[in-house]
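As stored in work.pdb (PDB, C-alpha atoms, pLDDT in the B column):
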ATOM      1  CA  SER A   1      86.041 101.431 112.171  1.00 41.00           C
ATOM      2  CA  THR A   2      85.627  97.704 112.361  1.00 41.00           C
ATOM      3  CA  SER A   3      88.474  95.215 112.078  1.00 41.00           C
ATOM      4  CA  CYS A   4      89.012  92.559 109.459  1.00 43.00           C
ATOM      5  CA  THR A   5      89.028  88.998 110.736  1.00 42.00           C
ATOM      6  CA  PRO A   6      91.026  86.751 108.394  1.00 45.00           C
ATOM      7  CA  SER A   7      90.429  83.049 108.406  1.00 39.00           C
ATOM      8  CA  SER A   8      93.549  81.637 110.087  1.00 41.00           C
ATOM      9  CA  THR A   9      96.676  82.411 112.044  1.00 42.00           C
ATOM     10  CA  THR A  10      98.987  80.746 109.514  1.00 42.00           C
ATOM     11  CA  PRO A  11      99.403  81.592 105.829  1.00 45.00           C
ATOM     12  CA  PRO A  12      96.603  79.783 103.958  1.00 43.00           C
ATOM     13  CA  SER A  13      97.174  77.839 100.783  1.00 38.00           C
ATOM     14  CA  HIS A  14      94.351  79.324  98.745  1.00 37.00           C
ATOM     15  CA  THR A  15      95.027  82.179  96.380  1.00 36.00           C
ATOM     16  CA  MET A  16      93.003  85.030  95.018  1.00 38.00           C
ATOM     17  CA  SER A  17      93.598  85.875  91.382  1.00 36.00           C
ATOM     18  CA  ALA A  18      93.684  89.545  90.390  1.00 38.00           C
ATOM     19  CA  THR A  19      93.080  91.153  87.028  1.00 37.00           C
ATOM     20  CA  ALA A  20      94.521  94.299  85.472  1.00 38.00           C
ATOM     21  CA  ALA A  21      94.926  96.083  82.174  1.00 38.00           C
ATOM     22  CA  SER A  22      97.389  93.498  80.931  1.00 37.00           C
ATOM     23  CA  THR A  23      98.845  95.315  77.948  1.00 34.00           C
ATOM     24  CA  ALA A  24      99.780  98.492  79.779  1.00 38.00           C
ATOM     25  CA  ALA A  25     100.963  96.569  82.822  1.00 39.00           C
ATOM     26  CA  ALA A  26     103.220  94.484  80.612  1.00 38.00           C
ATOM     27  CA  ASP A  27     104.693  97.673  79.181  1.00 39.00           C
ATOM     28  CA  ALA A  28     105.387  98.954  82.678  1.00 39.00           C
ATOM     29  CA  GLY A  29     106.782  95.609  83.812  1.00 39.00           C
ATOM     30  CA  SER A  30     109.160  95.260  80.891  1.00 37.00           C
ATOM     31  CA  ALA A  31     111.102  98.378  81.801  1.00 37.00           C
ATOM     32  CA  THR A  32     114.715  97.772  82.758  1.00 34.00           C
ATOM     33  CA  GLY A  33     115.233 101.199  84.261  1.00 34.00           C
ATOM     34  CA  SER A  34     113.448 104.428  85.049  1.00 31.00           C
ATOM     35  CA  ASN A  35     112.810 105.142  81.360  1.00 30.00           C
ATOM     36  CA  VAL A  36     111.148 103.111  78.643  1.00 28.00           C
ATOM     37  CA  THR A  37     112.109 103.837  75.051  1.00 24.00           C
ATOM     38  CA  ARG A  38     110.027 102.660  72.140  1.00 27.00           C
ATOM     39  CA  VAL A  39     111.646 102.823  68.751  1.00 27.00           C
ATOM     40  CA  GLY A  40     109.474 102.936  65.683  1.00 29.00           C
ATOM     41  CA  GLY A  41     105.786 102.277  65.391  1.00 33.00           C
ATOM     42  CA  GLY A  42     105.772  98.940  63.624  1.00 35.00           C
ATOM     43  CA  GLY A  43     106.002  95.451  65.065  1.00 36.00           C
ATOM     44  CA  ALA A  44     107.717  94.198  68.166  1.00 37.00           C
ATOM     45  CA  ASP A  45     111.109  94.547  66.534  1.00 37.00           C
ATOM     46  CA  GLY A  46     110.517  98.238  65.923  1.00 38.00           C
ATOM     47  CA  GLY A  47     110.584  97.851  62.143  1.00 38.00           C
ATOM     48  CA  GLY A  48     108.577 100.116  59.887  1.00 39.00           C
ATOM     49  CA  GLY A  49     108.319 102.697  62.610  1.00 39.00           C
ATOM     50  CA  GLY A  50     109.052 105.943  60.895  1.00 40.00           C
ATOM     51  CA  GLY A  51     112.683 106.635  61.524  1.00 41.00           C
ATOM     52  CA  GLY A  52     113.234 105.401  65.094  1.00 45.00           C
ATOM     53  CA  ILE A  53     111.552 108.230  66.964  1.00 65.00           C
ATOM     54  CA  ASN A  54     111.743 107.798  70.728  1.00 77.00           C
ATOM     55  CA  SER A  55     108.415 107.748  72.563  1.00 76.00           C
ATOM     56  CA  PRO A  56     107.989 109.006  76.130  1.00 80.00           C
ATOM     57  CA  PRO A  57     107.791 106.357  78.861  1.00 81.00           C
ATOM     58  CA  PRO A  58     104.284 105.244  79.832  1.00 83.00           C
ATOM     59  CA  PRO A  59     102.783 106.817  82.952  1.00 89.00           C
ATOM     60  CA  PRO A  60     102.789 104.862  86.212  1.00 94.00           C
ATOM     61  CA  PRO A  61      99.815 102.564  86.721  1.00 94.00           C
ATOM     62  CA  THR A  62      96.845 103.956  88.612  1.00 95.00           C
ATOM     63  CA  VAL A  63      95.802 101.873  91.615  1.00 96.00           C
ATOM     64  CA  LEU A  64      92.033 102.053  92.202  1.00 95.00           C
ATOM     65  CA  ILE A  65      90.932 101.685  95.837  1.00 96.00           C
ATOM     66  CA  PRO A  66      87.158 101.401  96.395  1.00 95.00           C
ATOM     67  CA  GLY A  67      85.099 102.681  99.292  1.00 91.00           C
ATOM     68  CA  PHE A  68      82.764 101.347 101.947  1.00 88.00           C
ATOM     69  CA  LEU A  69      80.861  98.160 100.995  1.00 85.00           C
ATOM     70  CA  SER A  70      82.278  98.277  97.452  1.00 79.00           C
ATOM     71  CA  MET A  71      82.721  94.904  95.786  1.00 75.00           C
ATOM     72  CA  GLY A  72      83.582  93.865  92.254  1.00 72.00           C
ATOM     73  CA  ASP A  73      84.919  96.185  89.577  1.00 76.00           C
ATOM     74  CA  CYS A  74      82.990  99.276  90.589  1.00 79.00           C
ATOM     75  CA  TRP A  75      85.423 101.426  88.589  1.00 81.00           C
ATOM     76  CA  SER A  76      84.617  99.995  85.128  1.00 81.00           C
ATOM     77  CA  SER A  77      88.368  99.634  84.680  1.00 77.00           C
ATOM     78  CA  GLY A  78      87.931  98.127  81.220  1.00 81.00           C
ATOM     79  CA  GLU A  79      86.260 101.323  80.030  1.00 85.00           C
ATOM     80  CA  LEU A  80      88.998 103.410  81.648  1.00 84.00           C
ATOM     81  CA  ALA A  81      91.653 101.376  79.858  1.00 81.00           C
ATOM     82  CA  ALA A  82      89.799 101.820  76.551  1.00 85.00           C
ATOM     83  CA  ARG A  83      89.817 105.589  77.029  1.00 86.00           C
ATOM     84  CA  ASP A  84      93.476 105.775  78.035  1.00 81.00           C
ATOM     85  CA  GLY A  85      95.338 102.897  76.455  1.00 78.00           C
ATOM     86  CA  ALA A  86      98.735 104.169  77.618  1.00 80.00           C
ATOM     87  CA  ARG A  87      97.915 103.824  81.308  1.00 86.00           C
ATOM     88  CA  ALA A  88      97.361 100.678  83.353  1.00 89.00           C
ATOM     89  CA  PHE A  89      94.432 100.761  85.781  1.00 91.00           C
ATOM     90  CA  LEU A  90      94.759  98.295  88.640  1.00 94.00           C
ATOM     91  CA  PRO A  91      91.475  97.780  90.532  1.00 94.00           C
ATOM     92  CA  THR A  92      91.985  96.437  94.044  1.00 95.00           C
ATOM     93  CA  HIS A  93      89.492  94.692  96.302  1.00 94.00           C
ATOM     94  CA  PRO A  94      90.214  95.250 100.003  1.00 95.00           C
ATOM     95  CA  GLY A  95      87.722  94.112 102.621  1.00 93.00           C
ATOM     96  CA  PRO A  96      84.531  96.201 102.341  1.00 90.00           C
ATOM     97  CA  LEU A  97      84.144  96.313 106.141  1.00 89.00           C
ATOM     98  CA  SER A  98      87.767  96.038 107.251  1.00 91.00           C
ATOM     99  CA  SER A  99      89.768  98.616 109.169  1.00 92.00           C
ATOM    100  CA  HIS A 100      91.882 101.021 107.145  1.00 93.00           C
ATOM    101  CA  HIS A 101      95.046  99.268 108.332  1.00 96.00           C
ATOM    102  CA  ASP A 102      93.806  95.898 107.124  1.00 96.00           C
ATOM    103  CA  ARG A 103      92.532  97.359 103.848  1.00 96.00           C
ATOM    104  CA  ALA A 104      95.874  99.073 103.185  1.00 97.00           C
ATOM    105  CA  VAL A 105      97.738  95.828 103.848  1.00 98.00           C
ATOM    106  CA  GLU A 106      95.440  93.952 101.484  1.00 97.00           C
ATOM    107  CA  VAL A 107      95.950  96.549  98.734  1.00 98.00           C
ATOM    108  CA  PHE A 108      99.719  96.280  99.197  1.00 98.00           C
ATOM    109  CA  TYR A 109      99.801  92.500  98.804  1.00 98.00           C
ATOM    110  CA  GLN A 110      97.320  92.538  95.960  1.00 97.00           C
ATOM    111  CA  LEU A 111      99.872  94.664  94.119  1.00 98.00           C
ATOM    112  CA  VAL A 112     103.166  92.996  95.055  1.00 97.00           C
ATOM    113  CA  GLY A 113     101.819  89.486  95.552  1.00 97.00           C
ATOM    114  CA  GLY A 114     102.103  87.165  98.518  1.00 97.00           C
ATOM    115  CA  THR A 115     100.167  86.433 101.693  1.00 97.00           C
ATOM    116  CA  ALA A 116      98.713  89.465 103.430  1.00 97.00           C
ATOM    117  CA  ASP A 117     100.567  90.021 106.717  1.00 97.00           C
ATOM    118  CA  TYR A 118      98.693  92.433 108.978  1.00 96.00           C
ATOM    119  CA  GLY A 119     101.585  92.531 111.427  1.00 95.00           C
ATOM    120  CA  ALA A 120     102.044  90.729 114.726  1.00 95.00           C
ATOM    121  CA  ALA A 121     101.491  93.763 116.958  1.00 95.00           C
ATOM    122  CA  HIS A 122      98.404  94.978 115.096  1.00 95.00           C
ATOM    123  CA  SER A 123      96.825  91.526 114.931  1.00 94.00           C
ATOM    124  CA  ASP A 124      97.447  90.907 118.611  1.00 95.00           C
ATOM    125  CA  TYR A 125      96.020  94.301 119.588  1.00 93.00           C
ATOM    126  CA  CYS A 126      92.901  93.863 117.426  1.00 92.00           C
ATOM    127  CA  GLY A 127      92.426  90.210 118.278  1.00 94.00           C
ATOM    128  CA  HIS A 128      92.366  88.745 114.780  1.00 94.00           C
ATOM    129  CA  ALA A 129      94.557  86.450 112.693  1.00 96.00           C
ATOM    130  CA  ARG A 130      97.857  87.809 111.487  1.00 96.00           C
ATOM    131  CA  TYR A 131      97.671  86.392 107.953  1.00 97.00           C
ATOM    132  CA  GLY A 132      95.005  86.787 105.302  1.00 96.00           C
ATOM    133  CA  ARG A 133      94.608  85.741 101.693  1.00 96.00           C
ATOM    134  CA  THR A 134      97.395  85.035  99.227  1.00 97.00           C
ATOM    135  CA  TYR A 135      97.490  87.105  96.043  1.00 97.00           C
ATOM    136  CA  GLY A 136      99.197  86.624  92.705  1.00 95.00           C
ATOM    137  CA  GLY A 137     100.345  90.249  92.344  1.00 96.00           C
ATOM    138  CA  LEU A 138      99.030  92.935  90.007  1.00 96.00           C
ATOM    139  CA  TYR A 139     102.297  94.896  89.973  1.00 97.00           C
ATOM    140  CA  PRO A 140     105.103  92.810  91.534  1.00 97.00           C
ATOM    141  CA  GLU A 141     107.787  95.188  90.215  1.00 96.00           C
ATOM    142  CA  TRP A 142     106.403  98.023  92.369  1.00 97.00           C
ATOM    143  CA  SER A 143     109.246 100.052  93.895  1.00 97.00           C
ATOM    144  CA  ALA A 144     110.551 103.590  94.219  1.00 97.00           C
ATOM    145  CA  ARG A 145     111.865 103.330  90.638  1.00 96.00           C
ATOM    146  CA  ARG A 146     108.478 102.129  89.423  1.00 96.00           C
ATOM    147  CA  PRO A 147     105.944 104.024  91.556  1.00 97.00           C
ATOM    148  CA  VAL A 148     102.182 104.128  91.251  1.00 97.00           C
ATOM    149  CA  ASP A 149      99.425 106.713  91.397  1.00 97.00           C
ATOM    150  CA  LEU A 150      96.879 105.988  94.142  1.00 97.00           C
ATOM    151  CA  LEU A 151      93.219 106.877  93.532  1.00 96.00           C
ATOM    152  CA  GLY A 152      90.704 106.231  96.299  1.00 95.00           C
ATOM    153  CA  HIS A 153      86.955 106.781  96.405  1.00 94.00           C
ATOM    154  CA  SER A 154      85.125 107.544  99.651  1.00 93.00           C
ATOM    155  CA  ILE A 155      86.916 105.706 102.487  1.00 93.00           C
ATOM    156  CA  GLY A 156      89.247 104.363  99.805  1.00 95.00           C
ATOM    157  CA  GLY A 157      90.934 107.774  99.938  1.00 95.00           C
ATOM    158  CA  VAL A 158      91.615 107.281 103.647  1.00 95.00           C
ATOM    159  CA  THR A 159      92.870 103.756 102.951  1.00 96.00           C
ATOM    160  CA  ALA A 160      95.259 105.216 100.374  1.00 97.00           C
ATOM    161  CA  ARG A 161      96.642 107.627 102.967  1.00 97.00           C
ATOM    162  CA  VAL A 162      97.139 104.800 105.467  1.00 97.00           C
ATOM    163  CA  LEU A 163      98.911 102.758 102.783  1.00 98.00           C
ATOM    164  CA  LEU A 164     101.235 105.679 102.064  1.00 97.00           C
ATOM    165  CA  ASP A 165     102.011 105.981 105.771  1.00 97.00           C
ATOM    166  CA  LEU A 166     102.747 102.246 106.073  1.00 98.00           C
ATOM    167  CA  LEU A 167     105.107 102.497 103.110  1.00 98.00           C
ATOM    168  CA  ARG A 168     106.841 105.488 104.706  1.00 97.00           C
ATOM    169  CA  ARG A 169     107.241 103.640 108.023  1.00 96.00           C
ATOM    170  CA  ARG A 170     108.454 100.437 106.321  1.00 97.00           C
ATOM    171  CA  ALA A 171     105.745  98.506 108.104  1.00 96.00           C
ATOM    172  CA  PHE A 172     105.767  95.449 105.815  1.00 97.00           C
ATOM    173  CA  ALA A 173     108.012  92.699 107.176  1.00 94.00           C
ATOM    174  CA  SER A 174     108.233  91.004 103.787  1.00 94.00           C
ATOM    175  CA  HIS A 175     109.364  94.252 102.089  1.00 96.00           C
ATOM    176  CA  PRO A 176     111.555  96.186 104.551  1.00 95.00           C
ATOM    177  CA  GLN A 177     112.790  98.725 101.993  1.00 95.00           C
ATOM    178  CA  THR A 178     109.523 100.483 101.164  1.00 97.00           C
ATOM    179  CA  SER A 179     109.271 104.273 101.272  1.00 97.00           C
ATOM    180  CA  ALA A 180     106.895 107.096 100.414  1.00 97.00           C
ATOM    181  CA  ALA A 181     108.690 107.280  97.058  1.00 97.00           C
ATOM    182  CA  TRP A 182     106.753 104.182  95.997  1.00 98.00           C
ATOM    183  CA  VAL A 183     103.796 106.534  95.406  1.00 98.00           C
ATOM    184  CA  ARG A 184     104.019 109.268  92.784  1.00 96.00           C
ATOM    185  CA  SER A 185     100.665 110.853  93.605  1.00 96.00           C
ATOM    186  CA  LEU A 186      97.582 110.313  95.739  1.00 97.00           C
ATOM    187  CA  ALA A 187      94.076 111.497  94.866  1.00 96.00           C
ATOM    188  CA  ALA A 188      90.890 111.097  96.902  1.00 95.00           C
ATOM    189  CA  LEU A 189      87.345 111.348  95.521  1.00 94.00           C
ATOM    190  CA  SER A 190      84.613 112.342  97.995  1.00 91.00           C
ATOM    191  CA  SER A 191      86.695 111.033 100.895  1.00 91.00           C
ATOM    192  CA  PRO A 192      86.085 111.861 104.580  1.00 90.00           C
ATOM    193  CA  LEU A 193      89.638 113.067 105.133  1.00 89.00           C
ATOM    194  CA  ASN A 194      88.621 115.040 108.224  1.00 85.00           C
ATOM    195  CA  GLY A 195      86.872 112.069 109.843  1.00 80.00           C
ATOM    196  CA  ASP A 196      83.338 110.681 109.738  1.00 76.00           C
ATOM    197  CA  PRO A 197      80.829 110.384 112.615  1.00 77.00           C
ATOM    198  CA  VAL A 198      79.561 107.081 111.197  1.00 74.00           C
ATOM    199  CA  THR A 199      82.524 105.373 112.873  1.00 73.00           C
ATOM    200  CA  PHE A 200      81.005 106.225 116.259  1.00 76.00           C
ATOM    201  CA  ALA A 201      77.626 104.875 115.136  1.00 78.00           C
ATOM    202  CA  LEU A 202      79.404 101.590 114.358  1.00 73.00           C
ATOM    203  CA  GLY A 203      80.763 101.315 117.876  1.00 77.00           C
ATOM    204  CA  ALA A 204      83.945 103.383 118.014  1.00 73.00           C
ATOM    205  CA  CYS A 205      84.420 105.364 121.210  1.00 73.00           C
ATOM    206  CA  PRO A 206      84.411 109.110 120.584  1.00 68.00           C
ATOM    207  CA  PRO A 207      87.092 111.190 122.276  1.00 68.00           C
ATOM    208  CA  PRO A 208      86.047 112.825 125.542  1.00 72.00           C
ATOM    209  CA  PRO A 209      84.626 116.316 125.092  1.00 75.00           C
ATOM    210  CA  ALA A 210      87.032 119.129 125.709  1.00 72.00           C
ATOM    211  CA  ALA A 211      86.414 121.274 128.761  1.00 72.00           C
ATOM    212  CA  PRO A 212      84.774 124.579 127.800  1.00 72.00           C
ATOM    213  CA  THR A 213      87.055 127.553 127.828  1.00 68.00           C
ATOM    214  CA  VAL A 214      85.717 130.483 129.863  1.00 67.00           C
ATOM    215  CA  LEU A 215      87.403 133.768 129.088  1.00 65.00           C
ATOM    216  CA  PRO A 216      87.336 136.678 131.552  1.00 67.00           C
ATOM    217  CA  PRO A 217      85.028 139.487 130.418  1.00 63.00           C
ATOM    218  CA  THR A 218      86.617 142.384 128.619  1.00 63.00           C
ATOM    219  CA  PRO A 219      85.554 145.974 129.306  1.00 64.00           C
ATOM    220  CA  THR A 220      83.331 145.878 126.225  1.00 60.00           C
ATOM    221  CA  THR A 221      81.525 142.665 127.152  1.00 54.00           C
ATOM    222  CA  ALA A 222      81.184 143.852 130.758  1.00 55.00           C
ATOM    223  CA  SER A 223      79.443 147.020 129.556  1.00 60.00           C
ATOM    224  CA  VAL A 224      77.049 145.030 127.361  1.00 54.00           C
ATOM    225  CA  LEU A 225      76.167 142.656 130.176  1.00 53.00           C
ATOM    226  CA  HIS A 226      75.649 145.581 132.541  1.00 61.00           C
ATOM    227  CA  ALA A 227      73.297 147.303 130.088  1.00 60.00           C
ATOM    228  CA  ARG A 228      71.287 144.123 129.419  1.00 60.00           C
ATOM    229  CA  SER A 229      70.828 143.571 133.139  1.00 61.00           C
ATOM    230  CA  GLY A 230      69.172 146.957 133.516  1.00 63.00           C
ATOM    231  CA  GLY A 231      72.081 148.593 135.201  1.00 58.00           C
ATOM    232  CA  GLY A 232      72.580 151.239 132.559  1.00 51.00           C
ATOM    233  CA  GLU A 233      70.857 154.594 132.220  1.00 50.00           C
ATOM    234  CA  GLY A 234      67.157 154.139 131.698  1.00 49.00           C
ATOM    235  CA  GLY A 235      67.364 150.508 132.605  1.00 47.00           C
ATOM    236  CA  GLY A 236      63.898 150.611 134.099  1.00 46.00           C
ATOM    237  CA  GLY A 237      62.520 153.024 131.523  1.00 47.00           C
ATOM    238  CA  GLU A 238      59.163 153.284 129.845  1.00 47.00           C
ATOM    239  CA  GLY A 239      57.395 150.070 129.238  1.00 46.00           C
ATOM    240  CA  GLY A 240      59.432 148.362 131.933  1.00 43.00           C
TER     241      GLY A 240
END
Write-out of the structure in structure tokens:
Amino acid sequence: STSCTPSSTTPPSHTMSATAASTAAADAGSATGSNVTRVGGGGADGGGGGGGINSPPPPPPTVLIPGFLSMGDCWSSGELAARDGARAFLPTHPGPLSSHHDRAVEVFYQLVGGTADYGAAHSDYCGHARYGRTYGGLYPEWSARRPVDLLGHSIGGVTARVLLDLLRRRAFASHPQTSAAWVRSLAALSSPLNGDPVTFALGACPPPPAAPTVLPPTPTTASVLHARSGGGEGGGGEGG
């Protein structure tokens, strides 16, 4: 796939604002531990809430990763939030034509906030700037204690898998303590998880073809070949 080409080699000053389901994200961000307890069903002080019944903690936010050439809120995240008010849906906007590495990095920094750092080695190898846009952060408290669910559509599913691998390998210099535990689940919708030939149409070099494997004939195949060649009984029979 093609590579993203950010605008400069040093962190730029401009920022890109990101939006999310603010109410549910605030619930998730206000947690002081792995559990969130809500007492009562009244106001913010918990008064008038029917006897102080504990509510289960809210589910982790769902990070929405779009596919090829997707721009804007193609998920209708507002409608999703209206259907499931307990869950935060965080739509991300990685480069529509960027490589999966660059897209995964952009999703990461859109969540935690900061300037996208594609990595010195990767940027040097691909010949583009190391730093990209600066983001405010949809979910700056993201960690192993506060994981997310990743949901990718089309190549967004592949981007999600690359992001999970980067987290596992602790590939982000600004966050050296990441791990696969930062992701609770990963789901892919109509994603080319076994590869896609369109990458070769866009200029990628396909792997060299494997040499054909020629197996020695077995007694059964030798008999069939012998019969088809006319060497069997009646090989030159009627109608020959």
From the set A:Ser174, A:Gly85, A:Ser185, A:Gly156, which residue has the shortest atom-to-atom contact distance to Gly113 (chain A), counting all atoms listed in the file?
A:Ser174
Hey, can you check how far CA of Asn54 (chain A) sits from CA of Pro140 (chain A)?
26.5 Å
Å distance separating CA of Gly152 (chain A) from CA of Pro91 (chain A), one decimal place:
10.3 Å
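Evaluated against the shown file, the PyMOL selection byres ((chain A and resi 189) around 12) gives Leu64, Ile65, Pro66, Gly67, Leu150, Leu151, Gly152, His153, Ser154, Ile155, Gly156, Gly157, Val158, Thr159, Ala160, Leu186, Ala187, Ala188, Ser190, Ser191, Pro192 and Leu193 of chain A.
For the set A:His175, A:Ser98, A:Gly203, A:Leu167, the residue with the smallest atom-to-atom gap to His128 (chain A) is A:Ser98, counting all atoms listed in the file.
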Can you list, as a VMD selection string, every protein, DNA or RNA residue that comes within 7 Å of region 118-126 of chain A when you count all atoms listed in the file, leaving out same-chain residues fewer than 5 positions away?
chain A and resid 102 105 131
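When only C-alpha atoms are used to measure the gap to Trp182 (chain A), the shortest distance among A:Ala144, A:Ala211, A:Cys205, A:Leu166 belongs to A:Ala144.
The gap separating CA of Val198 (chain A) from CA of Asp117 (chain A) is 27.4 Å, in Å to one decimal.
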Of the listed residues A:Ala204, A:Ala104, A:Tyr135, A:Asp149, that which approaches Val63 (chain A) most closely, counting only C-alpha atoms:
A:Asp149
Resolved residues for the PyMOL selection byres ((chain A and resi 89) around 8) as a PyMOL selection string:
chain A and resi 20-21+61-64+77+80-81+87-88+90-91
Let me make sure I understand: among A:Pro147, A:Pro197, A:Gly132, A:Gly127, which one has the smallest atom-to-atom distance to Arg103 (chain A) if we use all atoms listed in the file?
A:Gly132
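Between Asp73 (chain A) and the candidates A:Pro58, A:Gly114, A:Gly137, A:Pro94, the tightest atom-to-atom separation, counting all atoms listed in the file, involves A:Pro94.
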